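Here's the structure, in structure tokens; my notes come after.
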Amino acid sequence: MAISKSSLSNSLLLFLSSLFILSKQSLADYGGWQSAHATFYGGGDASGTMGGACGYGNLYSQGYGTNTAALSTALFNDGASCGSCYELKCDNDQPWCLPGSIIVTATNYCPPNYALASDNGGWCNPPRPHFDMAEPAFLQIAQYRAGIVPVAFRRVPCMKKGGIRFTINGHSYFNLVLITNVAGAGDVHAVSIKGSNTAWQTMSRNWGQNWQSNSLLDGQCLSFQTSASDGRTVTSFNVAPAGWQFGQTFEGSQF
């Protein structure tokens, strides 16, 4: 039976409408624009941003580059926000603002300085939302001489190449797994680990995005379940072979 052009058109419109609604719902989960301030640190090459409270170490080799920021207490969430992505734009502060926006990844913590007033140097004091950006990132939205600028920000999905990476550190009975390169929400809120001879076991956050298990897993293939703040969970089966060694990094599935 032939399908009429009008039926095809209606079906196409229905399909496109469904896509629009799903897309809108997905974006809505990240929230709208909010107000904060931004400063910068780390030098012109961002070398001073390496390491940090999220545990990522060398941000160049981990793939985060220089589009990064340290979050104030109000945003850092005791490390649970590590890896999350934010779009920032300078918010109408002439003549210091530059046009356009930038997406940064949360890789560090900006601690409070209670010796200074929140509006005069204590920029990261609670309850202020604040981004201390890597200098090269800051210079994409504002001029160097500004020092500090008001910004509009919103949470956005993280775009990553390849799978989630698991770096296994520690020693027997103390498996410390650093989780990086997480797409989607970008953060990690829960992790489980499974050896080829064990059931799934819940890991605990040690610090930043370093997750801990006190089980003896030497000589076993390792699988991981990773959950993000958006409620999604991805399972990476047999990521590490039985002969894995501490210090090695393995790539799993991706959101």
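Numbering starts fresh at 1 for the residues of each chain in the structure tokens, the chains themselves are lettered A, B, ... in the order given, and ligands are numbered from 1 as they appear.
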
Show which residues sit within 12 Å of Ala137 in chain A, as a PyMOL selection string. Count only C-alpha atoms, and ignore same-chain residues fewer than 6 positions away.
chain A and resi 38-46+49+64-70+87-90+98+101-105+131+143-144

What would the file look like if the residues just selected were written as a PDB file, in the first residue's frame with N, CA and C atoms?
ATOM      1  N   ALA A  38      34.645  35.376  38.326  1.00  0.00           N
ATOM      2  CA  ALA A  38      35.790  34.572  37.906  1.00  0.00           C
ATOM      3  C   ALA A  38      37.087  35.351  38.052  1.00  0.00           C
ATOM      4  N   THR A  39      38.119  34.649  38.497  1.00  0.00           N
ATOM      5  CA  THR A  39      39.479  35.156  38.538  1.00  0.00           C
ATOM      6  C   THR A  39      40.339  34.155  37.773  1.00  0.00           C
ATOM      7  N   PHE A  40      41.682  34.281  37.882  1.00  0.00           N
ATOM      8  CA  PHE A  40      42.544  33.326  37.188  1.00  0.00           C
ATOM      9  C   PHE A  40      43.789  33.027  38.009  1.00  0.00           C
ATOM     10  N   TYR A  41      44.414  31.894  37.701  1.00  0.00           N
ATOM     11  CA  TYR A  41      45.641  31.468  38.378  1.00  0.00           C
ATOM     12  C   TYR A  41      46.426  30.556  37.458  1.00  0.00           C
ATOM     13  N   GLY A  42      47.628  30.183  37.881  1.00  0.00           N
ATOM     14  CA  GLY A  42      48.377  29.142  37.189  1.00  0.00           C
ATOM     15  C   GLY A  42      49.375  29.582  36.153  1.00  0.00           C
ATOM     16  N   GLY A  43      49.444  30.888  35.841  1.00  0.00           N
ATOM     17  CA  GLY A  43      50.410  31.361  34.861  1.00  0.00           C
ATOM     18  C   GLY A  43      49.933  31.225  33.428  1.00  0.00           C
ATOM     19  N   GLY A  44      50.685  31.862  32.527  1.00  0.00           N
ATOM     20  CA  GLY A  44      50.302  31.910  31.130  1.00  0.00           C
ATOM     21  C   GLY A  44      50.244  30.558  30.454  1.00  0.00           C
ATOM     22  N   ASP A  45      51.028  29.586  30.955  1.00  0.00           N
ATOM     23  CA  ASP A  45      50.992  28.238  30.385  1.00  0.00           C
ATOM     24  C   ASP A  45      50.155  27.275  31.216  1.00  0.00           C
ATOM     25  N   ALA A  46      49.506  27.808  32.252  1.00  0.00           N
ATOM     26  CA  ALA A  46      48.638  27.023  33.144  1.00  0.00           C
ATOM     27  C   ALA A  46      49.394  25.939  33.904  1.00  0.00           C
ATOM     28  N   THR A  49      48.340  25.024  37.431  1.00  0.00           N
ATOM     29  CA  THR A  49      47.053  24.370  37.683  1.00  0.00           C
ATOM     30  C   THR A  49      47.188  22.852  37.772  1.00  0.00           C
ATOM     31  N   TYR A  64      42.651  17.238  29.776  1.00  0.00           N
ATOM     32  CA  TYR A  64      41.832  18.382  30.191  1.00  0.00           C
ATOM     33  C   TYR A  64      42.392  19.709  29.677  1.00  0.00           C
ATOM     34  N   GLY A  65      43.689  19.758  29.394  1.00  0.00           N
ATOM     35  CA  GLY A  65      44.287  20.953  28.819  1.00  0.00           C
ATOM     36  C   GLY A  65      44.247  22.153  29.740  1.00  0.00           C
ATOM     37  N   THR A  66      44.006  23.328  29.148  1.00  0.00           N
ATOM     38  CA  THR A  66      44.024  24.574  29.922  1.00  0.00           C
ATOM     39  C   THR A  66      42.632  25.162  30.128  1.00  0.00           C
ATOM     40  N   ASN A  67      41.601  24.554  29.563  1.00  0.00           N
ATOM     41  CA  ASN A  67      40.230  25.038  29.780  1.00  0.00           C
ATOM     42  C   ASN A  67      39.676  24.421  31.064  1.00  0.00           C
ATOM     43  N   THR A  68      40.240  24.864  32.178  1.00  0.00           N
ATOM     44  CA  THR A  68      39.895  24.284  33.478  1.00  0.00           C
ATOM     45  C   THR A  68      39.639  25.385  34.496  1.00  0.00           C
ATOM     46  N   ALA A  69      39.084  24.987  35.637  1.00  0.00           N
ATOM     47  CA  ALA A  69      38.810  25.951  36.702  1.00  0.00           C
ATOM     48  C   ALA A  69      38.795  25.258  38.050  1.00  0.00           C
ATOM     49  N   ALA A  70      39.172  26.034  39.068  1.00  0.00           N
ATOM     50  CA  ALA A  70      39.003  25.616  40.455  1.00  0.00           C
ATOM     51  C   ALA A  70      37.683  26.199  40.949  1.00  0.00           C
ATOM     52  N   GLU A  87      29.744  26.172  31.080  1.00  0.00           N
ATOM     53  CA  GLU A  87      29.921  27.216  30.080  1.00  0.00           C
ATOM     54  C   GLU A  87      29.909  28.559  30.792  1.00  0.00           C
ATOM     55  N   LEU A  88      30.910  29.380  30.536  1.00  0.00           N
ATOM     56  CA  LEU A  88      31.041  30.684  31.179  1.00  0.00           C
ATOM     57  C   LEU A  88      31.138  31.778  30.131  1.00  0.00           C
ATOM     58  N   LYS A  89      30.558  32.920  30.445  1.00  0.00           N
ATOM     59  CA  LYS A  89      30.739  34.109  29.616  1.00  0.00           C
ATOM     60  C   LYS A  89      30.798  35.330  30.520  1.00  0.00           C
ATOM     61  N   CYS A  90      31.654  36.262  30.146  1.00  0.00           N
ATOM     62  CA  CYS A  90      31.794  37.499  30.913  1.00  0.00           C
ATOM     63  C   CYS A  90      30.481  38.259  30.853  1.00  0.00           C
ATOM     64  N   LEU A  98      35.222  40.206  27.013  1.00  0.00           N
ATOM     65  CA  LEU A  98      35.401  39.841  25.616  1.00  0.00           C
ATOM     66  C   LEU A  98      34.179  39.044  25.170  1.00  0.00           C
ATOM     67  N   SER A 101      31.875  32.730  24.689  1.00  0.00           N
ATOM     68  CA  SER A 101      31.853  31.939  25.917  1.00  0.00           C
ATOM     69  C   SER A 101      32.909  30.848  25.821  1.00  0.00           C
ATOM     70  N   ILE A 102      33.123  30.163  26.934  1.00  0.00           N
ATOM     71  CA  ILE A 102      34.100  29.081  26.990  1.00  0.00           C
ATOM     72  C   ILE A 102      33.540  27.965  27.861  1.00  0.00           C
ATOM     73  N   ILE A 103      33.890  26.731  27.559  1.00  0.00           N
ATOM     74  CA  ILE A 103      33.507  25.597  28.396  1.00  0.00           C
ATOM     75  C   ILE A 103      34.736  25.122  29.159  1.00  0.00           C
ATOM     76  N   VAL A 104      34.622  25.067  30.473  1.00  0.00           N
ATOM     77  CA  VAL A 104      35.728  24.643  31.326  1.00  0.00           C
ATOM     78  C   VAL A 104      35.331  23.403  32.121  1.00  0.00           C
ATOM     79  N   THR A 105      36.341  22.644  32.522  1.00  0.00           N
ATOM     80  CA  THR A 105      36.129  21.465  33.359  1.00  0.00           C
ATOM     81  C   THR A 105      36.609  21.760  34.771  1.00  0.00           C
ATOM     82  N   PHE A 131      34.628  30.889  40.124  1.00  0.00           N
ATOM     83  CA  PHE A 131      35.496  30.100  39.267  1.00  0.00           C
ATOM     84  C   PHE A 131      36.874  30.752  39.229  1.00  0.00           C
ATOM     85  N   GLN A 143      39.828  40.479  29.727  1.00  0.00           N
ATOM     86  CA  GLN A 143      41.185  40.992  29.624  1.00  0.00           C
ATOM     87  C   GLN A 143      41.960  40.743  30.918  1.00  0.00           C
ATOM     88  N   TYR A 144      43.267  40.566  30.762  1.00  0.00           N
ATOM     89  CA  TYR A 144      44.152  40.252  31.888  1.00  0.00           C
ATOM     90  C   TYR A 144      44.030  41.291  33.001  1.00  0.00           C
TER      91      TYR A 144
END

Report as a VMD selection string: the residues of range 50-238 of chain A with a DSSP assignment of strand (DSSP E), based on the backbone of this structure.
chain A and resid 68 to 71 85 to 90 102 to 109 130 to 134 149 to 156 165 to 171 174 to 180 190 to 195 201 to 202 204 to 207 210 to 213 222 to 227 233 to 238

Range 195-200 of chain A: which residues within 6 Å, counting only C-alpha atoms, same-chain residues fewer than 4 positions away excluded, as a ChimeraX atom specification?
/A:220-222

Write out the residues from the selection above, keeping N, CA and C atoms, as a tab-separated table (two decimals), in the first residue's frame.
chain	number	residue	atom	x	y	z
A	220	GLN	N	43.16	-10.68	39.30
A	220	GLN	CA	41.80	-10.87	38.78
A	220	GLN	C	41.50	-9.84	37.70
A	221	CYS	N	40.69	-10.21	36.72
A	221	CYS	CA	40.15	-9.24	35.78
A	221	CYS	C	39.23	-8.28	36.55
A	222	LEU	N	39.29	-7.01	36.22
A	222	LEU	CA	38.50	-6.02	36.95
A	222	LEU	C	37.45	-5.37	36.06

List as a PyMOL selection string the protein and nucleic acid residues near Phe255 in chain A, meaning an atom at most 12 Å away when only C-alpha atoms are counted, but skip any in the same chain fewer than 6 places from it.
chain A and resi 157-164+181-188+225-228+230-236

Go ahead and save the picked residues with N, CA and C atoms, as a PDB file, in the first residue's frame.
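The resulting file, part_7.pdb, is reproduced below:
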ATOM      1  N   PRO A 157      26.806  19.452  29.283  1.00  0.00           N
ATOM      2  CA  PRO A 157      27.373  18.110  29.135  1.00  0.00           C
ATOM      3  C   PRO A 157      28.842  18.186  28.729  1.00  0.00           C
ATOM      4  N   CYS A 158      29.622  17.244  29.204  1.00  0.00           N
ATOM      5  CA  CYS A 158      31.034  17.150  28.841  1.00  0.00           C
ATOM      6  C   CYS A 158      31.176  16.291  27.590  1.00  0.00           C
ATOM      7  N   MET A 159      31.984  16.736  26.663  1.00  0.00           N
ATOM      8  CA  MET A 159      32.251  15.994  25.437  1.00  0.00           C
ATOM      9  C   MET A 159      33.657  15.396  25.528  1.00  0.00           C
ATOM     10  N   LYS A 160      33.772  14.082  25.401  1.00  0.00           N
ATOM     11  CA  LYS A 160      35.057  13.407  25.533  1.00  0.00           C
ATOM     12  C   LYS A 160      35.281  12.444  24.382  1.00  0.00           C
ATOM     13  N   LYS A 161      36.549  12.211  24.076  1.00  0.00           N
ATOM     14  CA  LYS A 161      36.923  11.206  23.081  1.00  0.00           C
ATOM     15  C   LYS A 161      37.343   9.934  23.807  1.00  0.00           C
ATOM     16  N   GLY A 162      36.904   8.791  23.318  1.00  0.00           N
ATOM     17  CA  GLY A 162      37.275   7.529  23.935  1.00  0.00           C
ATOM     18  C   GLY A 162      36.458   7.232  25.170  1.00  0.00           C
ATOM     19  N   GLY A 163      36.840   6.180  25.878  1.00  0.00           N
ATOM     20  CA  GLY A 163      36.078   5.733  27.037  1.00  0.00           C
ATOM     21  C   GLY A 163      36.552   6.334  28.343  1.00  0.00           C
ATOM     22  N   ILE A 164      35.820   6.019  29.411  1.00  0.00           N
ATOM     23  CA  ILE A 164      36.237   6.404  30.761  1.00  0.00           C
ATOM     24  C   ILE A 164      37.561   5.706  31.070  1.00  0.00           C
ATOM     25  N   ASN A 181      38.313  11.347  32.258  1.00  0.00           N
ATOM     26  CA  ASN A 181      37.752  11.337  30.894  1.00  0.00           C
ATOM     27  C   ASN A 181      36.299  10.866  30.879  1.00  0.00           C
ATOM     28  N   VAL A 182      35.497  11.445  31.769  1.00  0.00           N
ATOM     29  CA  VAL A 182      34.087  11.061  31.885  1.00  0.00           C
ATOM     30  C   VAL A 182      33.224  12.033  31.084  1.00  0.00           C
ATOM     31  N   ALA A 183      32.455  11.525  30.147  1.00  0.00           N
ATOM     32  CA  ALA A 183      31.564  12.354  29.329  1.00  0.00           C
ATOM     33  C   ALA A 183      30.215  12.528  30.037  1.00  0.00           C
ATOM     34  N   GLY A 184      29.301  13.238  29.370  1.00  0.00           N
ATOM     35  CA  GLY A 184      27.982  13.456  29.954  1.00  0.00           C
ATOM     36  C   GLY A 184      28.053  14.422  31.118  1.00  0.00           C
ATOM     37  N   ALA A 185      27.587  13.997  32.266  1.00  0.00           N
ATOM     38  CA  ALA A 185      27.628  14.856  33.451  1.00  0.00           C
ATOM     39  C   ALA A 185      29.059  15.180  33.860  1.00  0.00           C
ATOM     40  N   GLY A 186      30.011  14.303  33.494  1.00  0.00           N
ATOM     41  CA  GLY A 186      31.418  14.570  33.767  1.00  0.00           C
ATOM     42  C   GLY A 186      31.883  14.176  35.146  1.00  0.00           C
ATOM     43  N   ASP A 187      30.976  14.243  36.111  1.00  0.00           N
ATOM     44  CA  ASP A 187      31.329  13.910  37.487  1.00  0.00           C
ATOM     45  C   ASP A 187      31.126  12.416  37.737  1.00  0.00           C
ATOM     46  N   VAL A 188      31.531  11.966  38.902  1.00  0.00           N
ATOM     47  CA  VAL A 188      31.330  10.575  39.314  1.00  0.00           C
ATOM     48  C   VAL A 188      30.779  10.591  40.732  1.00  0.00           C
ATOM     49  N   GLN A 225      31.536  -0.296  37.565  1.00  0.00           N
ATOM     50  CA  GLN A 225      30.267   0.379  37.318  1.00  0.00           C
ATOM     51  C   GLN A 225      30.420   1.815  37.797  1.00  0.00           C
ATOM     52  N   THR A 226      30.162   2.766  36.908  1.00  0.00           N
ATOM     53  CA  THR A 226      30.355   4.181  37.218  1.00  0.00           C
ATOM     54  C   THR A 226      29.029   4.911  37.083  1.00  0.00           C
ATOM     55  N   SER A 227      28.644   5.643  38.141  1.00  0.00           N
ATOM     56  CA  SER A 227      27.386   6.391  38.121  1.00  0.00           C
ATOM     57  C   SER A 227      27.666   7.879  38.257  1.00  0.00           C
ATOM     58  N   ALA A 228      26.909   8.684  37.512  1.00  0.00           N
ATOM     59  CA  ALA A 228      27.082  10.132  37.524  1.00  0.00           C
ATOM     60  C   ALA A 228      25.894  10.808  38.198  1.00  0.00           C
ATOM     61  N   ASP A 230      23.667  12.636  36.983  1.00  0.00           N
ATOM     62  CA  ASP A 230      22.430  12.656  36.209  1.00  0.00           C
ATOM     63  C   ASP A 230      21.653  11.351  36.316  1.00  0.00           C
ATOM     64  N   GLY A 231      22.150  10.429  37.169  1.00  0.00           N
ATOM     65  CA  GLY A 231      21.446   9.178  37.399  1.00  0.00           C
ATOM     66  C   GLY A 231      21.817   8.055  36.459  1.00  0.00           C
ATOM     67  N   ARG A 232      22.659   8.336  35.488  1.00  0.00           N
ATOM     68  CA  ARG A 232      23.047   7.296  34.536  1.00  0.00           C
ATOM     69  C   ARG A 232      24.207   6.466  35.083  1.00  0.00           C
ATOM     70  N   THR A 233      24.226   5.192  34.724  1.00  0.00           N
ATOM     71  CA  THR A 233      25.290   4.264  35.126  1.00  0.00           C
ATOM     72  C   THR A 233      25.800   3.535  33.894  1.00  0.00           C
ATOM     73  N   VAL A 234      27.119   3.427  33.794  1.00  0.00           N
ATOM     74  CA  VAL A 234      27.714   2.674  32.697  1.00  0.00           C
ATOM     75  C   VAL A 234      28.604   1.586  33.292  1.00  0.00           C
ATOM     76  N   THR A 235      28.535   0.394  32.716  1.00  0.00           N
ATOM     77  CA  THR A 235      29.326  -0.738  33.191  1.00  0.00           C
ATOM     78  C   THR A 235      30.421  -1.064  32.194  1.00  0.00           C
ATOM     79  N   SER A 236      31.638  -1.166  32.692  1.00  0.00           N
ATOM     80  CA  SER A 236      32.804  -1.506  31.872  1.00  0.00           C
ATOM     81  C   SER A 236      33.292  -2.882  32.316  1.00  0.00           C
TER      82      SER A 236
END

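Considering only range 81-231 of chain A, backbone DSSP assigns helix (DSSP H, G or I) to A:Glu135, A:Pro136, A:Ala137, A:Phe138, A:Tyr144, A:Arg145, A:Ala146.
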
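Excluding Asn169 in chain A and any residue on its chain fewer than 3 positions from it, the residues at most 8 Å away by only C-alpha atoms are Asn175, Leu176, Val177, Leu178, Phe246, Gly247 and Gln248 of chain A.
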
Save the residues we just selected, C-alpha atoms, as a PDB file, in the first residue's frame?
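As written to disk, selection_39.pdb reads:
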ATOM      1  CA  ASN A 175      43.147  -0.217  45.494  1.00  0.00           C
ATOM      2  CA  LEU A 176      42.991   3.514  44.739  1.00  0.00           C
ATOM      3  CA  VAL A 177      41.388   4.088  41.341  1.00  0.00           C
ATOM      4  CA  LEU A 178      41.532   7.488  39.643  1.00  0.00           C
ATOM      5  CA  PHE A 246      49.512  -0.845  39.943  1.00  0.00           C
ATOM      6  CA  GLY A 247      50.131   2.388  38.062  1.00  0.00           C
ATOM      7  CA  GLN A 248      48.478   1.203  34.849  1.00  0.00           C
TER       8      GLN A 248
END

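The residue that comes closest to Gly252 in chain A, out of A:Cys110, A:Ile179, A:Met203, A:Leu216 and on the basis of only C-alpha atoms, is A:Ile179.
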
Interatomic distance between CA of Gly100 in chain A and CA of Pro136 in chain A?
14.6 Å

Of A:Glu251, A:Asp218, A:Glu135, A:Asp119, the one nearest to Thr180 in chain A when counting only C-alpha atoms is A:Glu251

Within 9 Å of Pro126 in chain A, counting only C-alpha atoms, which residues show up once you throw out same-chain ones fewer than 3 positions away? Write them as number ranges by chain, please.
A: 72-74, 112, 118, 123, 129

Atomic distance CA of Gly48 in chain A - CA of Phe138 in chain A, expressed in Å with one decimal:
14.1 Å
